[in-house]
Amino acid sequence: METHAQLAGKTALVTGGESGIGRSIVELFVANGAKVHVIGLNEPQLDEVRRELGHDSVSNAAADVTDEHALADAITAGADRWGNYDIIVSNAGIGCTVAPIERQHSAEFLKVLHVHVLGAFHTLKHATPLVADGGSVVITSSTAGLSGYAETAPYVAAKHAQVGLMRTAYKELASRGIRVNTLNPGPTQTALQDGIAKQSTGHADAAVAAQAIAEGIPLGRYNTPEEIAGSVLYLASDLSKTVTGTTLVVDGGFLG
Ligand SMILES: NC(=O)c1ccc[n+]([C@@H]2O[C@H](COP(=O)([O-])OP(=O)(O)OC[C@H]3O[C@@H](n4cnc5c(N)ncnc54)[C@H](O)[C@@H]3O)[C@@H](O)[C@H]2O)c1
């Protein structure tokens, strides 16, 4: 299939880009002509992405998005390599223990908030000054950022807070022509979702757990990470030139 390079000449930053949804975003961005700086925690996976997609298109830096100074240095390293960013994808995230609020641990609640909310805040704080006017920022929130799900309070609270962050940032950055949106995926086939599905269904087998969840999705299946990447490409590119402040739901009808 012929690929139309939607991001030719653009530079992107993707956090949590070494696996799952983030990795598919990096692959699709590179296939569309972008240079991509990937920040994440897992160094062997970060190096594998760079090796597989090519050093002339991908750079990387290991940093925890909750560590403001380490993240700021990692963000600057990408701009030093490729020049100012056109696209920021704040995507790093973790799952949570599936349990009612009375059995959730406060330390884990705080950790989940730190990774998703403080992490996205740090990413926007240090990356948006390096974004060229007219750029695009995407935060990977979730259907859990728009609706409640029992027994996942840390994750649901964190994903809602990311929407609040986006709704502030798009107003602050509009004068520079920078668009800010959240992508709100439903269940998507990744290790993170496998962990949540196994806990919430009680099935130890990830495929069986996924099938049980998929039965509650009108289209009858999970998103693939590649399908989510396609929606991020839409938000990142000129295909969505006037789209800002929106929550783009990609969920097979799950939220309904
Ligand atoms: N899979 C789903 O069903 C689903 C649905 C909606 C939203 N999401 C969101 O999509 C995003 C990507 O998740 P995924 O499903 O691809 O899972 P994943 O576990 O494959 O990817 C998460 C990535 O974030 C990185 N990461 C985690 N904590 C980090 C930290 N403190 N600092 C830097 N990097 C860190 C991990 O190393 C990993 O590469 C997450 O924000 C998740 O909440 C996922």
# chains A, B, ... in the order shown; residues from 1 in each chain; ligands from 1
call {"tool": "closest_atom_pairs", "arguments": {"of": "chain A", "to": "ligand 1", "cutoff": "6 Å", "atoms": "only C-alpha atoms and all ligand atoms", "output": "CSV"}}
result
residue,atom,partner,partner_atom_place_in_ligand_line,distance
A:Gly16,CA,ligand 1,24 (O),3.5
A:Gly17,CA,ligand 1,39 (O),5.4
A:Glu18,CA,ligand 1,39 (O),4.5
A:Ser19,CA,ligand 1,39 (O),4.4
A:Gly20,CA,ligand 1,20 (O),3.5
A:Ile21,CA,ligand 1,16 (O),3.7
A:Gly22,CA,ligand 1,16 (O),5.5
A:Gly40,CA,ligand 1,34 (N),3.9
A:Leu41,CA,ligand 1,37 (O),4.5
A:Asn42,CA,ligand 1,37 (O),5.2
A:Ala63,CA,ligand 1,33 (C),5.8
A:Asp64,CA,ligand 1,32 (N),3.5
A:Val65,CA,ligand 1,32 (N),4.0
A:Thr66,CA,ligand 1,31 (N),5.6
A:Asn91,CA,ligand 1,41 (O),4.6
A:Ala92,CA,ligand 1,24 (O),3.5
A:Gly93,CA,ligand 1,41 (O),3.6
A:Ile94,CA,ligand 1,27 (C),5.3
A:Val115,CA,ligand 1,31 (N),5.0
A:Thr140,CA,ligand 1,41 (O),5.3
A:Ser141,CA,ligand 1,7 (C),5.4
A:Ser142,CA,ligand 1,6 (C),3.9
A:Pro185,CA,ligand 1,6 (C),4.3
A:Gly186,CA,ligand 1,5 (C),4.9
A:Pro187,CA,ligand 1,3 (O),3.5
A:Thr188,CA,ligand 1,3 (O),3.6
A:Gln189,CA,ligand 1,1 (N),5.7
A:Thr190,CA,ligand 1,15 (O),4.8
A:Ala191,CA,ligand 1,20 (O),5.3
A:Leu192,CA,ligand 1,17 (O),4.4
A:Gln193,CA,ligand 1,1 (N),4.4
call {"tool": "select_by_dssp", "arguments": {"residues": "range 82-217 of chain A", "states": "strand (DSSP E or B)", "output": "count of residues only"}}
result
24
call {"tool": "closest_residue", "arguments": {"among": "A:Thr201, A:Thr168, A:Asn84, A:Asn181", "to": "Lys241 in chain A", "atoms": "only C-alpha atoms"}}
result
A:Asn181
call {"tool": "select_by_dssp", "arguments": {"residues": "range 32-253 of chain A", "states": "helix (DSSP H, G or I)", "output": "count of residues only"}}
result
116
call {"tool": "residues_around", "arguments": {"residues": "range 151-157 of chain A", "least_positions_apart": "4", "cutoff": "8 Å", "atoms": "only C-alpha atoms", "output": "PDB file with C-alpha atoms, in the first residue's frame"}}
result
ATOM      1  CA  GLY A  95      -2.447   0.023  35.101  1.00  0.00           C
ATOM      2  CA  CYS A  96      -3.756  -0.362  38.611  1.00  0.00           C
ATOM      3  CA  THR A  97      -4.987  -2.930  41.086  1.00  0.00           C
ATOM      4  CA  VAL A  98      -8.611  -3.846  40.402  1.00  0.00           C
ATOM      5  CA  ALA A  99     -10.403  -3.509  43.752  1.00  0.00           C
ATOM      6  CA  PRO A 100     -13.102  -1.402  45.397  1.00  0.00           C
ATOM      7  CA  ILE A 101     -12.004   1.927  46.893  1.00  0.00           C
ATOM      8  CA  GLU A 108      -0.663   3.008  44.710  1.00  0.00           C
ATOM      9  CA  PHE A 109      -3.375   5.611  44.131  1.00  0.00           C
ATOM     10  CA  LEU A 110      -0.722   8.314  44.361  1.00  0.00           C
ATOM     11  CA  VAL A 112      -0.938   6.013  39.356  1.00  0.00           C
ATOM     12  CA  LEU A 113      -1.778   9.729  39.610  1.00  0.00           C
ATOM     13  CA  ALA A 144     -11.850   5.804  31.699  1.00  0.00           C
ATOM     14  CA  GLY A 145     -11.193   9.555  31.414  1.00  0.00           C
ATOM     15  CA  SER A 147     -16.754   7.509  32.318  1.00  0.00           C
ATOM     16  CA  ALA A 161      -7.391  14.467  35.351  1.00  0.00           C
TER      17      ALA A 161
END
call {"tool": "closest_residue", "arguments": {"among": "A:Val36, A:Val89, A:Val26, A:Ala127", "to": "His55 in chain A", "atoms": "only C-alpha atoms"}}
result
A:Val36
call {"tool": "residues_around", "arguments": {"residues": "Gly83 in chain A", "least_positions_apart": "4", "cutoff": "12 Å", "atoms": "only C-alpha atoms", "output": "ChimeraX atom specification"}}
result
/A:9-13,35-37,75-79,87,130-132
call {"tool": "residues_around", "arguments": {"residues": "Ser175 in chain A", "least_positions_apart": "4", "cutoff": "10 Å", "atoms": "only C-alpha atoms", "output": "mmCIF file with C-alpha atoms, in the first residue's frame"}}
result
data_model
loop_
_atom_site.group_PDB
_atom_site.id
_atom_site.type_symbol
_atom_site.label_atom_id
_atom_site.label_comp_id
_atom_site.auth_asym_id
_atom_site.auth_seq_id
_atom_site.Cartn_x
_atom_site.Cartn_y
_atom_site.Cartn_z
ATOM 1 C CA ASP A 133 3.963 27.417 16.578
ATOM 2 C CA GLY A 134 1.203 25.441 14.836
ATOM 3 C CA TYR A 170 -5.510 23.961 24.674
ATOM 4 C CA LYS A 171 -6.732 27.366 25.841
ATOM 5 C CA ARG A 179 -3.600 22.280 19.263
#
call {"tool": "closest_residue", "arguments": {"among": "A:Ser136, A:Ser237, A:Asn184, A:Gln6", "to": "Gly252 in chain A", "atoms": "only C-alpha atoms"}}
result
A:Asn184
call {"tool": "residues_around", "arguments": {"residues": "His126 in chain A", "least_positions_apart": "3", "cutoff": "9 Å", "atoms": "only C-alpha atoms", "output": "PyMOL selection string"}}
result
chain A and resi 68+71-72+75-76+121-123+129-130
call {"tool": "atom_distance", "arguments": {"atom1": "CA of Val117 in chain A", "atom2": "CA of Thr244 in chain A"}}
result
19.5 Å
call {"tool": "atom_distance", "arguments": {"atom1": "CA of Glu43 in chain A", "atom2": "CA of Ala61 in chain A"}}
result
8.1 Å
call {"tool": "atom_distance", "arguments": {"atom1": "CA of Asp238 in chain A", "atom2": "CA of Thr143 in chain A"}}
result
24.6 Å
call {"tool": "closest_residue", "arguments": {"among": "A:Gln211, A:Thr128, A:Ser24, A:Gln199", "to": "Val232 in chain A", "atoms": "only C-alpha atoms"}}
result
A:Ser24
call {"tool": "closest_residue", "arguments": {"among": "A:Gly164, A:His4, A:Leu183, A:Val49", "to": "Ile228 in chain A", "atoms": "only C-alpha atoms"}}
result
A:Leu183
call {"tool": "closest_residue", "arguments": {"among": "A:Val250, A:Arg81, A:Ala70, A:Leu165", "to": "Glu226 in chain A", "atoms": "only C-alpha atoms"}}
result
A:Val250
